[in-house]
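Listing of coords_31.txt, compact mmCIF, C-alpha atoms and all ligand atoms
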# COMPACT_ATOMS: atom_id res chain seq x y z
CA MET A 4 -3.56 -18.49 -7.21
CA ILE A 5 -2.24 -15.43 -8.96
CA ASP A 6 1.31 -14.20 -9.35
CA VAL A 7 0.99 -11.26 -7.00
CA ALA A 8 2.91 -10.41 -3.83
CA THR A 9 1.04 -8.27 -1.30
CA VAL A 10 2.43 -6.07 1.46
CA ASP A 11 -0.03 -4.81 4.07
CA GLY A 12 0.59 -3.10 7.37
CA PRO A 13 0.01 0.05 9.37
CA ALA A 14 1.12 3.56 8.43
CA GLY A 15 4.79 4.29 9.03
CA ALA A 16 5.97 0.66 9.02
CA GLY A 17 8.20 1.36 6.00
CA LYS A 18 5.98 -0.42 3.47
CA SER A 19 6.52 2.03 0.61
CA VAL A 20 10.29 2.21 0.79
CA VAL A 21 10.65 -1.54 1.25
CA THR A 22 8.12 -2.49 -1.43
CA ARG A 23 9.65 -0.13 -3.96
CA ALA A 24 13.16 -1.48 -3.30
CA LEU A 25 11.91 -5.04 -3.59
CA ALA A 26 10.09 -4.34 -6.86
CA ASP A 27 13.26 -2.74 -8.28
CA ARG A 28 15.39 -5.73 -7.32
CA LEU A 29 12.95 -8.25 -8.70
CA GLY A 30 11.91 -6.31 -11.81
CA LEU A 31 8.25 -6.39 -10.79
CA GLU A 32 5.72 -3.60 -11.18
CA TYR A 33 5.13 -1.76 -7.89
CA LEU A 34 1.58 -0.71 -7.07
CA ASN A 35 1.11 1.84 -4.30
CA THR A 36 -2.62 1.64 -3.52
CA GLY A 37 -2.46 4.32 -0.81
CA ALA A 38 -1.46 6.73 -3.58
CA MET A 39 -4.69 5.88 -5.42
CA TYR A 40 -6.83 6.89 -2.41
CA ARG A 41 -4.62 9.94 -2.02
CA ALA A 42 -5.14 10.89 -5.69
CA ILE A 43 -8.92 10.88 -5.20
CA ALA A 44 -8.52 13.11 -2.12
CA LEU A 45 -6.23 15.44 -4.12
CA LYS A 46 -8.69 15.79 -6.97
CA ALA A 47 -11.59 16.39 -4.56
CA LEU A 48 -9.57 19.15 -2.83
CA ARG A 49 -8.64 20.75 -6.15
CA GLU A 50 -12.24 20.69 -7.40
CA GLY A 51 -13.75 21.75 -4.09
CA VAL A 52 -15.85 18.57 -3.90
CA ASP A 53 -17.39 18.04 -0.45
CA LEU A 54 -15.29 15.29 1.14
CA HIS A 55 -18.19 14.29 3.40
CA ASP A 56 -20.45 13.62 0.40
CA GLU A 57 -19.92 9.97 -0.49
CA SER A 58 -21.91 10.01 -3.72
CA ALA A 59 -19.98 13.06 -4.96
CA LEU A 60 -16.70 11.25 -4.18
CA ALA A 61 -17.96 8.13 -5.99
CA GLU A 62 -18.91 10.19 -9.03
CA LEU A 63 -15.50 11.89 -9.01
CA THR A 64 -13.80 8.47 -8.79
CA ARG A 65 -15.78 7.14 -11.77
CA ARG A 66 -14.53 9.96 -13.97
CA THR A 67 -10.90 9.68 -12.84
CA ARG A 68 -8.34 7.61 -14.71
CA LEU A 69 -5.69 6.18 -12.40
CA GLU A 70 -2.60 4.44 -13.71
CA SER A 71 0.58 3.10 -12.22
CA ASN A 72 3.80 3.01 -14.19
CA ASP A 73 7.30 2.35 -12.93
CA GLY A 74 6.13 2.90 -9.36
CA ARG A 75 4.66 6.30 -10.17
CA THR A 76 0.99 7.22 -9.91
CA PHE A 77 -0.80 9.04 -12.72
CA MET A 78 -4.18 10.75 -12.37
CA ASP A 79 -5.85 11.63 -15.66
CA GLY A 80 -2.40 11.46 -17.25
CA GLU A 81 -0.71 13.76 -14.70
CA ASP A 82 2.12 12.37 -12.57
CA VAL A 83 0.83 13.03 -9.03
CA THR A 84 3.33 10.82 -7.15
CA ASP A 85 4.74 13.76 -5.22
CA ALA A 86 1.60 15.91 -5.04
CA VAL A 87 -0.33 13.19 -3.20
CA ARG A 88 2.19 13.28 -0.32
CA ALA A 89 1.17 16.84 0.64
CA ASN A 90 0.06 17.23 4.23
CA GLU A 91 -3.38 18.50 3.21
CA VAL A 92 -3.94 15.25 1.30
CA SER A 93 -2.77 13.15 4.28
CA LEU A 94 -5.23 14.98 6.51
CA ASN A 95 -8.17 14.30 4.16
CA VAL A 96 -7.47 10.88 2.63
CA ARG A 97 -9.58 9.14 5.25
CA TYR A 98 -12.75 10.39 3.50
CA PRO A 99 -12.28 8.51 0.20
CA ALA A 100 -10.66 5.60 2.08
CA ASN A 101 -13.76 5.26 4.27
CA ALA A 102 -16.26 5.57 1.39
CA PRO A 103 -17.47 2.05 0.37
CA SER A 104 -18.34 3.02 -3.22
CA VAL A 105 -14.93 4.62 -3.76
CA ARG A 106 -13.25 1.50 -2.37
CA GLU A 107 -15.32 -0.76 -4.63
CA ASN A 108 -14.15 1.17 -7.68
CA LEU A 109 -10.48 1.28 -6.67
CA VAL A 110 -10.41 -2.39 -5.66
CA GLU A 111 -11.68 -3.30 -9.12
CA GLN A 112 -8.98 -1.17 -10.75
CA GLN A 113 -6.28 -2.76 -8.53
CA ARG A 114 -7.47 -6.26 -9.48
CA ARG A 115 -7.36 -5.36 -13.16
CA ILE A 116 -3.75 -4.21 -12.82
CA GLY A 117 -2.83 -7.37 -10.86
CA MET A 118 -4.37 -9.65 -13.48
CA SER A 119 -2.46 -7.98 -16.30
CA LYS A 120 1.11 -8.46 -15.03
CA PRO A 121 3.07 -9.77 -12.04
CA ILE A 122 3.06 -7.06 -9.38
CA ILE A 123 4.03 -6.37 -5.84
CA THR A 124 1.29 -4.30 -4.27
CA GLU A 125 1.18 -2.34 -1.06
CA GLY A 126 -1.72 -1.14 1.09
CA ARG A 127 -4.03 -2.16 3.92
CA ASP A 128 -6.36 -4.71 2.31
CA GLN A 129 -4.28 -6.20 -0.49
CA GLY A 130 -3.86 -9.70 0.94
CA THR A 131 -7.29 -9.84 2.59
CA VAL A 132 -9.79 -8.23 0.19
CA VAL A 133 -8.17 -7.38 -3.13
CA PHE A 134 -5.94 -10.42 -3.77
CA PRO A 135 -6.99 -13.15 -1.31
CA ASP A 136 -5.43 -15.72 -3.70
CA ALA A 137 -2.04 -14.00 -3.95
CA ARG A 138 0.89 -16.45 -3.89
CA CYS A 139 2.89 -14.38 -1.47
CA LYS A 140 1.63 -12.15 1.36
CA PHE A 141 3.47 -10.06 3.89
CA TYR A 142 2.33 -8.15 6.93
CA LEU A 143 4.98 -5.55 7.60
CA THR A 144 4.71 -3.84 10.94
CA ALA A 145 6.67 -2.12 13.70
CA THR A 146 5.64 -1.05 17.18
CA PRO A 147 4.02 2.42 17.43
CA GLU A 148 7.03 3.65 19.45
CA GLU A 149 9.48 2.50 16.76
CA ARG A 150 7.38 4.13 14.03
CA ALA A 151 7.18 7.37 16.03
CA ARG A 152 10.98 7.35 16.51
CA ARG A 153 11.51 6.92 12.74
CA ARG A 154 9.05 9.69 11.92
CA LEU A 155 10.72 12.02 14.42
CA GLY A 156 14.09 11.22 12.81
CA GLU A 157 12.72 12.05 9.34
CA LEU A 158 11.29 15.36 10.52
CA GLU A 159 14.48 16.32 12.35
CA ALA A 160 16.54 15.46 9.26
CA ARG A 161 14.39 18.01 7.40
CA GLY A 162 15.16 20.60 10.07
CA GLU A 163 11.67 20.46 11.57
CA THR A 164 10.99 20.11 15.26
CA ALA A 165 8.33 17.80 16.60
CA ASP A 166 7.20 16.27 19.84
CA PHE A 167 7.61 12.49 20.24
CA GLN A 168 4.43 12.05 22.32
CA GLU A 169 2.38 14.03 19.78
CA ILE A 170 3.68 11.91 16.89
CA LEU A 171 2.99 8.73 18.85
CA ARG A 172 -0.55 9.88 19.54
CA GLN A 173 -1.14 10.57 15.80
CA ILE A 174 0.18 7.13 14.87
CA ILE A 175 -2.07 5.37 17.38
CA ASP A 176 -5.01 7.45 16.14
CA ARG A 177 -4.34 6.51 12.48
CA ASP A 178 -4.00 2.83 13.38
CA ARG A 179 -7.39 2.97 15.03
CA SER A 180 -9.02 4.75 12.09
CA ASP A 181 -7.47 2.23 9.63
CA SER A 182 -8.53 -0.83 11.64
CA GLU A 183 -12.04 0.30 12.50
CA ARG A 184 -13.12 1.06 8.93
CA ASP A 185 -16.23 -0.95 7.97
CA VAL A 186 -14.96 -1.80 4.48
CA GLY A 187 -11.37 -2.81 3.73
CA PRO A 188 -10.04 -2.35 7.27
CA LEU A 189 -6.41 -3.03 8.08
CA ARG A 190 -6.20 -6.69 9.07
CA GLU A 191 -3.35 -9.15 9.09
CA PRO A 192 -3.99 -11.89 6.48
CA GLU A 193 -4.01 -15.31 8.16
CA ASP A 194 -1.58 -16.68 5.59
CA ALA A 195 0.83 -13.72 5.59
CA VAL A 196 4.46 -13.78 6.59
CA ARG A 197 4.67 -11.32 9.49
CA ILE A 198 7.72 -9.07 9.68
CA LEU A 199 8.21 -6.93 12.77
CA SER A 200 10.84 -4.48 11.59
CA ASP A 201 11.85 -2.98 14.96
CA GLY A 202 15.64 -2.82 15.01
CA MET A 203 15.97 -4.05 11.38
CA SER A 204 17.50 -1.97 8.60
CA ILE A 205 15.66 -1.49 5.30
CA GLN A 206 18.28 -3.69 3.67
CA GLU A 207 17.65 -6.53 6.15
CA VAL A 208 13.89 -6.36 5.62
CA VAL A 209 14.23 -6.31 1.83
CA ASP A 210 16.69 -9.23 1.87
CA ALA A 211 14.35 -11.36 3.96
CA MET A 212 11.36 -10.56 1.74
CA GLU A 213 13.27 -11.12 -1.51
CA ARG A 214 14.08 -14.71 -0.59
CA ILE A 215 10.42 -15.45 0.11
CA VAL A 216 9.08 -13.77 -3.05
CA ARG A 217 11.62 -15.62 -5.20
CA SER A 218 10.58 -18.93 -3.75
CA ARG A 219 6.84 -18.33 -4.21
CA LEU A 220 6.11 -16.46 -7.44
CA THR A 221 5.98 -18.68 -10.48
CA ILE A 222 7.81 -16.19 -12.71
CA PHE A 223 10.94 -16.96 -10.68
CA ASN A 224 10.28 -20.68 -10.60
CA ALA A 225 9.11 -21.45 -14.10
CA ARG A 226 9.87 -25.10 -14.77
CA SER A 227 11.09 -26.35 -18.09
CA PRO A 228 8.47 -28.42 -19.98
CA GLU A 229 10.47 -31.53 -19.08
CA GLU A 230 10.43 -30.70 -15.34
CA SER A 231 6.71 -29.98 -15.47
CA ARG A 232 6.07 -33.43 -16.98
CA ARG A 233 8.15 -35.04 -14.24
CA HIS A 234 6.18 -33.26 -11.50
CA SER A 235 2.73 -33.85 -12.96
O1 LIG B 301 -0.23 4.14 2.84
P1 LIG B 301 -0.73 5.59 2.75
O2 LIG B 301 -0.46 6.41 3.98
O3 LIG B 301 -0.29 6.29 1.51
O4 LIG B 301 -2.32 5.44 2.65
C1 LIG B 301 -3.14 6.57 2.56
C2 LIG B 301 -4.51 6.29 3.16
O5 LIG B 301 -5.24 5.37 2.36
C3 LIG B 301 -4.49 5.73 4.58
O6 LIG B 301 -5.44 6.45 5.34
C4 LIG B 301 -4.95 4.32 4.43
C5 LIG B 301 -5.72 4.30 3.14
N1 LIG B 301 -5.53 3.07 2.37
C6 LIG B 301 -6.57 2.19 2.32
O7 LIG B 301 -7.60 2.43 2.94
N2 LIG B 301 -6.46 1.05 1.58
C7 LIG B 301 -5.34 0.79 0.91
N3 LIG B 301 -5.26 -0.33 0.18
C8 LIG B 301 -4.25 1.69 0.96
C9 LIG B 301 -4.38 2.83 1.71
Would you write the structure of this file as structure tokens?
Ligand code: DC
Amino acid sequence: MIDVATVDGPAGAGKSVVTRALADRLGLEYLNTGAMYRAIALKALREGVDLHDESALAELTRRTRLESNDGRTFMDGEDVTDAVRANEVSLNVRYPANAPSVRENLVEQQRRIGMSKPIITEGRDQGTVVFPDARCKFYLTATPEERARRRLGELEARGETADFQEILRQIIDRDRSDSERDVGPLREPEDAVRILSDGMSIQEVVDAMERIVRSRLTIFNARSPEESRRHS
């Protein structure tokens, strides 16, 4: 077992905001693996690489250095945390995410990061494919209607108008694309703690998860040498 906590779940369930808050509270490194797929899409768009050409995407991935520091994502040394949230990237990220050779490369990089320090990592396949031996796994979800309501609220807060039914349709469409992928599809790990966040505040979700992470990761439960002898 390795000292990693994983958070998987569908788009719009609040994974990023919750995982970041949890990492801050616990002093763990936060790894946003969606941002890594987004960074590859961003670079492909900038370089005009054909997103339908899997071998070109794989080659681009091999020559890209991705790093995560303090919850921020760096691509070839550039902080791309905000740039990867652009709508154009969201619309095209499915191409690298669906490319098996890109996934293979990024999964290896994620494992390397997880082996080097205690992390809390967020994505779609973290508890199933990347860290099947993680000590602590969560599946954070919310109904499509709840996620659509939250998204509508965010857009309205930014002064944008949007149609609830259209947002709901996009969410259902993304869920399908994420779950039907041949490699690394979104699946609920059998041994994950499932949190359905409908009607819960961010604070309530983070509180519930904090208790579980503290009880499971060894860095929070290191026994004194004397205790270890007593339990062995
Ligand atoms: O969580 P997000 O919206 O930033 O993820 C961006 C895309 O990357 C989304 O289409 C799902 C995909 N993804 C993935 O395939 N595997 C992961 N571990 C994380 C994200």
Show me, as a tab-separated table, the residues of chain A having an atom within 9 Å of ligand LIG 301 (chain B), each with the closest atom pair and its distance in Å, using all atoms listed in the file.
residue	atom	partner	partner_atom	distance
A:Asp11	CA	B:LIG301	N3	7.9
A:Gly12	CA	B:LIG301	O1	8.6
A:Pro13	CA	B:LIG301	O1	7.7
A:Ala14	CA	B:LIG301	O2	5.5
A:Gly15	CA	B:LIG301	O2	7.6
A:Lys18	CA	B:LIG301	O1	7.7
A:Ser19	CA	B:LIG301	O1	7.4
A:Asn35	CA	B:LIG301	O3	7.5
A:Thr36	CA	B:LIG301	C8	4.8
A:Gly37	CA	B:LIG301	C9	3.5
A:Ala38	CA	B:LIG301	O3	5.2
A:Met39	CA	B:LIG301	C8	7.6
A:Tyr40	CA	B:LIG301	O5	5.3
A:Arg41	CA	B:LIG301	C1	5.9
A:Val87	CA	B:LIG301	O3	8.4
A:Arg88	CA	B:LIG301	O3	7.6
A:Val92	CA	B:LIG301	C1	8.8
A:Ser93	CA	B:LIG301	C1	6.8
A:Leu94	CA	B:LIG301	O6	8.6
A:Asn95	CA	B:LIG301	O6	8.4
A:Val96	CA	B:LIG301	C2	5.5
A:Arg97	CA	B:LIG301	O6	4.9
A:Tyr98	CA	B:LIG301	O6	8.5
A:Pro99	CA	B:LIG301	O5	8.0
A:Ala100	CA	B:LIG301	O7	4.5
A:Asn101	CA	B:LIG301	O7	6.9
A:Arg106	CA	B:LIG301	O7	7.8
A:Leu109	CA	B:LIG301	N3	8.8
A:Val110	CA	B:LIG301	N3	8.1
A:Thr124	CA	B:LIG301	N3	8.9
A:Glu125	CA	B:LIG301	N3	6.9
A:Gly126	CA	B:LIG301	N3	3.7
A:Arg127	CA	B:LIG301	N3	4.3
A:Asp128	CA	B:LIG301	N3	5.0
A:Gln129	CA	B:LIG301	N3	6.0
A:Val133	CA	B:LIG301	N3	8.3
A:Arg177	CA	B:LIG301	O6	7.2
A:Asp178	CA	B:LIG301	O6	8.9
A:Ser180	CA	B:LIG301	O6	7.8
A:Asp181	CA	B:LIG301	C4	6.1
A:Arg184	CA	B:LIG301	O7	8.3
A:Val186	CA	B:LIG301	O7	8.6
A:Gly187	CA	B:LIG301	O7	6.5
A:Pro188	CA	B:LIG301	O7	6.9
A:Leu189	CA	B:LIG301	O7	7.6
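Neighbourhood of point (-19.8, 10.2, -5.4): residues with an atom at most 12 Å away, counting all atoms listed in the file, are A:Ile43, A:Ala47, A:Val52, A:Asp53, A:Leu54, A:His55, A:Asp56, A:Glu57, A:Ser58, A:Ala59, A:Leu60, A:Ala61, A:Glu62, A:Leu63, A:Thr64, A:Arg65, A:Arg66, A:Thr67, A:Tyr98, A:Pro99, A:Ala102, A:Pro103, A:Ser104, A:Val105, A:Arg106, A:Glu107, A:Asn108.
The gap separating atom CA of A:Asp6 from atom CA of A:Val132 is 15.8 Å, in Å to one decimal.
Each of A:Val83, A:Ile198, A:Ala151, A:Leu143 was checked against A:Ile175 using only C-alpha atoms; the smallest atom-to-atom distance is that of A:Ala151.
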Study note, to complete from the structure: What separates atom CA of A:Thr144 and atom CA of A:Glu163 is a distance of 25.3 Å
